[in-house]
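Encoded as structure tokens, the structure appears first; notes follow it.
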Amino acid sequence: MVSAPTAQKAYTTVFQGIAAADGANTLFHCTAGKDRTGWANATLLTALGVPHETVTADYLASNTYRAKENAATLAAMPPAQAAVYKPLLDVRPEYLNSGFQEVKSRYGTFDRYLDKALGLSHRDVRDLREDLLVG
């Protein structure tokens, strides 16, 4: 999700859409609403200056919101299959952290990732902050 050209293009499109919305309500999602969407949201929150602990807590909230649906899905499977499938339904800190580690190893800093991978300049990020942050 960090370095694949198709992912970078998709995330660039997401951020362009958010910027074009000019502060209006914006919705972005993927099939399950946790992996690609989770990275998009973590990237946005990080770009906005939200502390990493808050970004992680927001990401992990999917486990709470999806708990009933995930439990029903796993209950319908034989136990051995459910054990294999459960990590695909969960979000875990190590999933998110691996994205941030890849950003660091490939780009050095998060700002360089925003610029080099997603095409977001410092001015673009400043504009997003002005449009999306309150107070």
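Each chain in the structure tokens gets a letter, A, B, ..., in the order shown, and its residues are numbered from 1; ligands are numbered from 1 in order too.
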
So that I can check the surroundings of stretch 105-115 of chain A, please list as an mmCIF file with N, CA, C and O atoms, in the first residue's frame every protein, DNA and RNA residue that reaches within 12 Å of it, counting only C-alpha atoms and ignoring chain neighbours fewer than 3 positions away.
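What ended up in selection_22.cif:
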```cif
data_model
loop_
_atom_site.group_PDB
_atom_site.id
_atom_site.type_symbol
_atom_site.label_atom_id
_atom_site.label_comp_id
_atom_site.auth_asym_id
_atom_site.auth_seq_id
_atom_site.Cartn_x
_atom_site.Cartn_y
_atom_site.Cartn_z
ATOM 1 N N VAL A 2 2.106 1.124 0.331
ATOM 2 C CA VAL A 2 2.977 2.287 0.403
ATOM 3 C C VAL A 2 3.702 2.533 -0.909
ATOM 4 O O VAL A 2 3.750 3.659 -1.393
ATOM 5 N N SER A 3 4.252 1.484 -1.492
ATOM 6 C CA SER A 3 5.169 1.712 -2.608
ATOM 7 C C SER A 3 4.714 1.185 -3.965
ATOM 8 O O SER A 3 5.333 1.512 -4.970
ATOM 9 N N ALA A 4 3.669 0.406 -4.021
ATOM 10 C CA ALA A 4 3.193 -0.087 -5.321
ATOM 11 C C ALA A 4 2.678 1.099 -6.139
ATOM 12 O O ALA A 4 1.915 1.928 -5.627
ATOM 13 N N GLN A 8 0.015 4.024 -5.001
ATOM 14 C CA GLN A 8 0.374 5.443 -4.935
ATOM 15 C C GLN A 8 -0.582 6.274 -5.784
ATOM 16 O O GLN A 8 -1.037 7.335 -5.352
ATOM 17 N N LYS A 9 -0.908 5.772 -6.965
ATOM 18 C CA LYS A 9 -1.841 6.488 -7.835
ATOM 19 C C LYS A 9 -3.217 6.599 -7.167
ATOM 20 O O LYS A 9 -3.857 7.656 -7.196
ATOM 21 N N TYR A 11 -3.949 6.473 -3.910
ATOM 22 C CA TYR A 11 -3.924 7.386 -2.769
ATOM 23 C C TYR A 11 -3.788 8.832 -3.212
ATOM 24 O O TYR A 11 -4.370 9.726 -2.600
ATOM 25 N N THR A 12 -3.052 9.064 -4.282
ATOM 26 C CA THR A 12 -2.980 10.420 -4.836
ATOM 27 C C THR A 12 -4.370 10.888 -5.243
ATOM 28 O O THR A 12 -4.777 12.024 -4.952
ATOM 29 N N PHE A 15 -6.397 11.814 -2.136
ATOM 30 C CA PHE A 15 -6.026 13.113 -1.581
ATOM 31 C C PHE A 15 -6.431 14.268 -2.486
ATOM 32 O O PHE A 15 -6.841 15.326 -1.998
ATOM 33 N N ALA A 40 -5.178 4.914 3.980
ATOM 34 C CA ALA A 40 -5.524 6.259 3.504
ATOM 35 C C ALA A 40 -5.821 7.176 4.685
ATOM 36 O O ALA A 40 -5.343 8.316 4.742
ATOM 37 N N ALA A 42 -4.901 6.759 7.887
ATOM 38 C CA ALA A 42 -3.691 6.952 8.690
ATOM 39 C C ALA A 42 -2.760 7.958 8.021
ATOM 40 O O ALA A 42 -2.157 8.800 8.696
ATOM 41 N N THR A 43 -2.668 7.899 6.700
ATOM 42 C CA THR A 43 -1.838 8.847 5.962
ATOM 43 C C THR A 43 -2.393 10.255 6.100
ATOM 44 O O THR A 43 -1.655 11.209 6.364
ATOM 45 N N LEU A 44 -3.697 10.401 5.941
ATOM 46 C CA LEU A 44 -4.321 11.713 6.065
ATOM 47 C C LEU A 44 -4.123 12.274 7.471
ATOM 48 O O LEU A 44 -3.698 13.429 7.634
ATOM 49 N N LEU A 45 -4.428 11.476 8.473
ATOM 50 C CA LEU A 45 -4.292 11.962 9.851
ATOM 51 C C LEU A 45 -2.841 12.337 10.159
ATOM 52 O O LEU A 45 -2.584 13.358 10.807
ATOM 53 N N THR A 46 -1.903 11.526 9.695
ATOM 54 C CA THR A 46 -0.491 11.823 9.926
ATOM 55 C C THR A 46 -0.090 13.112 9.211
ATOM 56 O O THR A 46 0.600 13.958 9.782
ATOM 57 N N ALA A 47 -0.540 13.275 7.985
ATOM 58 C CA ALA A 47 -0.251 14.508 7.236
ATOM 59 C C ALA A 47 -0.821 15.730 7.953
ATOM 60 O O ALA A 47 -0.231 16.817 7.903
ATOM 61 N N LEU A 48 -1.933 15.551 8.630
ATOM 62 C CA LEU A 48 -2.565 16.659 9.348
ATOM 63 C C LEU A 48 -1.895 16.948 10.688
ATOM 64 O O LEU A 48 -2.249 17.914 11.359
ATOM 65 N N GLY A 49 -0.948 16.097 11.083
ATOM 66 C CA GLY A 49 -0.225 16.309 12.331
ATOM 67 C C GLY A 49 -0.816 15.622 13.538
ATOM 68 O O GLY A 49 -0.445 15.918 14.676
ATOM 69 N N HIS A 52 0.796 9.921 16.478
ATOM 70 C CA HIS A 52 0.795 8.527 16.030
ATOM 71 C C HIS A 52 -0.096 7.639 16.909
ATOM 72 O O HIS A 52 -0.779 6.748 16.396
ATOM 73 N N SER A 98 3.831 -1.589 9.861
ATOM 74 C CA SER A 98 4.645 -2.028 8.716
ATOM 75 C C SER A 98 4.567 -1.002 7.586
ATOM 76 O O SER A 98 5.556 -0.779 6.880
ATOM 77 N N GLY A 99 3.433 -0.361 7.418
ATOM 78 C CA GLY A 99 3.314 0.700 6.428
ATOM 79 C C GLY A 99 4.209 1.877 6.769
ATOM 80 O O GLY A 99 4.933 2.395 5.909
ATOM 81 N N PHE A 100 4.190 2.291 8.026
ATOM 82 C CA PHE A 100 5.047 3.402 8.444
ATOM 83 C C PHE A 100 6.529 3.032 8.352
ATOM 84 O O PHE A 100 7.356 3.872 7.998
ATOM 85 N N GLN A 101 6.853 1.773 8.645
ATOM 86 C CA GLN A 101 8.247 1.331 8.517
ATOM 87 C C GLN A 101 8.686 1.353 7.056
ATOM 88 O O GLN A 101 9.816 1.738 6.749
ATOM 89 N N GLU A 102 7.803 0.958 6.155
ATOM 90 C CA GLU A 102 8.145 1.005 4.736
ATOM 91 C C GLU A 102 8.335 2.451 4.272
ATOM 92 O O GLU A 102 9.244 2.737 3.489
ATOM 93 N N LEU A 118 3.151 10.481 -3.311
ATOM 94 C CA LEU A 118 1.769 10.912 -3.508
ATOM 95 C C LEU A 118 1.649 12.269 -4.198
ATOM 96 O O LEU A 118 0.540 12.700 -4.515
ATOM 97 N N GLY A 119 2.763 12.928 -4.403
ATOM 98 C CA GLY A 119 2.733 14.205 -5.109
ATOM 99 C C GLY A 119 2.129 15.346 -4.316
ATOM 100 O O GLY A 119 1.634 16.314 -4.886
ATOM 101 N N LEU A 120 2.159 15.246 -2.986
ATOM 102 C CA LEU A 120 1.606 16.298 -2.127
ATOM 103 C C LEU A 120 2.733 17.202 -1.655
ATOM 104 O O LEU A 120 3.595 16.792 -0.889
ATOM 105 N N SER A 121 2.717 18.433 -2.084
ATOM 106 C CA SER A 121 3.732 19.403 -1.673
ATOM 107 C C SER A 121 3.428 19.894 -0.257
ATOM 108 O O SER A 121 2.343 19.653 0.290
ATOM 109 N N HIS A 122 4.380 20.632 0.298
ATOM 110 C CA HIS A 122 4.139 21.247 1.614
ATOM 111 C C HIS A 122 2.931 22.176 1.549
ATOM 112 O O HIS A 122 2.145 22.242 2.493
ATOM 113 N N ARG A 123 2.780 22.854 0.431
ATOM 114 C CA ARG A 123 1.627 23.756 0.262
ATOM 115 C C ARG A 123 0.320 22.963 0.238
ATOM 116 O O ARG A 123 -0.673 23.373 0.845
ATOM 117 N N ASP A 124 0.306 21.822 -0.462
ATOM 118 C CA ASP A 124 -0.892 20.975 -0.495
ATOM 119 C C ASP A 124 -1.269 20.522 0.911
ATOM 120 O O ASP A 124 -2.453 20.543 1.288
ATOM 121 N N VAL A 125 -0.276 20.089 1.683
ATOM 122 C CA VAL A 125 -0.529 19.622 3.048
ATOM 123 C C VAL A 125 -1.025 20.786 3.904
ATOM 124 O O VAL A 125 -1.973 20.630 4.679
ATOM 125 N N ARG A 126 -0.428 21.952 3.746
ATOM 126 C CA ARG A 126 -0.880 23.142 4.476
ATOM 127 C C ARG A 126 -2.343 23.445 4.150
ATOM 128 O O ARG A 126 -3.155 23.718 5.035
#
```

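The shell of residues at most 9 Å from A:Thr26, with only C-alpha atoms counted and near chain neighbours (fewer than 4 positions) removed, consists of Gly17, Ile18 and Ala21 of chain A.
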
May I have the selected residues written with all heavy atoms, as a CSV table (one decimal), in the first residue's frame?
```csv
chain,number,residue,atom,x,y,z
A,17,GLY,N,-9.1,14.3,-4.3
A,17,GLY,CA,-10.5,14.4,-4.1
A,17,GLY,C,-10.8,15.1,-2.8
A,17,GLY,O,-11.7,15.9,-2.8
A,18,ILE,N,-10.1,14.8,-1.8
A,18,ILE,CA,-10.3,15.5,-0.5
A,18,ILE,C,-10.0,17.0,-0.6
A,18,ILE,O,-10.7,17.8,-0.2
A,18,ILE,CB,-9.4,14.8,0.6
A,18,ILE,CG1,-10.0,13.4,0.9
A,18,ILE,CG2,-9.5,15.7,1.9
A,18,ILE,CD1,-9.0,12.6,1.8
A,21,ALA,N,-12.7,18.8,-2.5
A,21,ALA,CA,-13.9,18.9,-1.8
A,21,ALA,C,-14.0,20.3,-1.0
A,21,ALA,O,-15.0,20.7,-0.6
A,21,ALA,CB,-14.1,17.8,-0.8
```

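Coordinates place atom CA of A:Asp131 at a distance of 19.9 Å from atom CA of A:Thr54.
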
Would you please extract all helix (DSSP H, G or I) residues from chain A, as assigned by DSSP on the backbone, and give them as a ChimeraX atom specification? /A:5-20,36-47,52-65,67-75,79-89,93-107,110-117,122-132

List the spatial neighbours of A:Tyr65 as a ChimeraX atom specification - criterion: any atom at most 12 Å away, only C-alpha atoms, same-chain residues fewer than 2 positions off excluded. /A:32-34,58-63,67-71,89-91

If you keep N, CA and C atoms, can you produce a file of those selected residues as a JSON list (two decimals), in the first residue's frame?
```
[["chain", "number", "residue", "atom", "x", "y", "z"],
["A", 32, "ALA", "N", -13.48, -3.90, 2.18],
["A", 32, "ALA", "CA", -13.71, -4.22, 3.59],
["A", 32, "ALA", "C", -13.68, -2.99, 4.47],
["A", 33, "GLY", "N", -13.14, -1.90, 3.97],
["A", 33, "GLY", "CA", -13.11, -0.65, 4.72],
["A", 33, "GLY", "C", -12.10, -0.61, 5.83],
["A", 34, "LYS", "N", -11.04, -1.42, 5.73],
["A", 34, "LYS", "CA", -10.08, -1.42, 6.83],
["A", 34, "LYS", "C", -8.63, -1.39, 6.37],
["A", 58, "ASP", "N", -7.33, 5.12, 16.16],
["A", 58, "ASP", "CA", -8.38, 5.25, 15.15],
["A", 58, "ASP", "C", -8.38, 4.03, 14.23],
["A", 59, "TYR", "N", -7.22, 3.61, 13.79],
["A", 59, "TYR", "CA", -7.08, 2.43, 12.93],
["A", 59, "TYR", "C", -7.63, 1.19, 13.63],
["A", 60, "LEU", "N", -7.26, 1.00, 14.88],
["A", 60, "LEU", "CA", -7.69, -0.19, 15.63],
["A", 60, "LEU", "C", -9.18, -0.18, 15.95],
["A", 61, "ALA", "N", -9.83, 0.96, 15.85],
["A", 61, "ALA", "CA", -11.27, 1.03, 16.12],
["A", 61, "ALA", "C", -12.07, 0.14, 15.17],
["A", 62, "SER", "N", -11.50, -0.18, 14.02],
["A", 62, "SER", "CA", -12.20, -1.10, 13.10],
["A", 62, "SER", "C", -12.49, -2.44, 13.77],
["A", 63, "ASN", "N", -11.61, -2.88, 14.67],
["A", 63, "ASN", "CA", -11.87, -4.13, 15.37],
["A", 63, "ASN", "C", -13.15, -4.06, 16.18],
["A", 67, "ALA", "N", -16.59, -6.01, 14.89],
["A", 67, "ALA", "CA", -16.55, -7.20, 15.76],
["A", 67, "ALA", "C", -17.70, -8.16, 15.50],
["A", 68, "LYS", "N", -18.91, -7.65, 15.43],
["A", 68, "LYS", "CA", -20.08, -8.52, 15.25],
["A", 68, "LYS", "C", -20.03, -9.24, 13.91],
["A", 69, "GLU", "N", -19.77, -8.49, 12.85],
["A", 69, "GLU", "CA", -19.70, -9.06, 11.51],
["A", 69, "GLU", "C", -18.56, -10.08, 11.41],
["A", 70, "ASN", "N", -17.41, -9.73, 11.96],
["A", 70, "ASN", "CA", -16.27, -10.65, 11.91],
["A", 70, "ASN", "C", -16.55, -11.93, 12.69],
["A", 71, "ALA", "N", -17.16, -11.80, 13.86],
["A", 71, "ALA", "CA", -17.48, -12.97, 14.68],
["A", 71, "ALA", "C", -18.46, -13.89, 13.94],
["A", 89, "LEU", "N", -9.33, -10.63, 8.81],
["A", 89, "LEU", "CA", -10.45, -9.79, 9.24],
["A", 89, "LEU", "C", -10.02, -8.72, 10.24],
["A", 90, "ASP", "N", -8.97, -8.99, 10.98],
["A", 90, "ASP", "CA", -8.50, -8.07, 12.01],
["A", 90, "ASP", "C", -7.73, -6.90, 11.42],
["A", 91, "VAL", "N", -7.64, -5.86, 12.21],
["A", 91, "VAL", "CA", -6.59, -4.86, 12.03],
["A", 91, "VAL", "C", -5.71, -4.97, 13.27]]
```
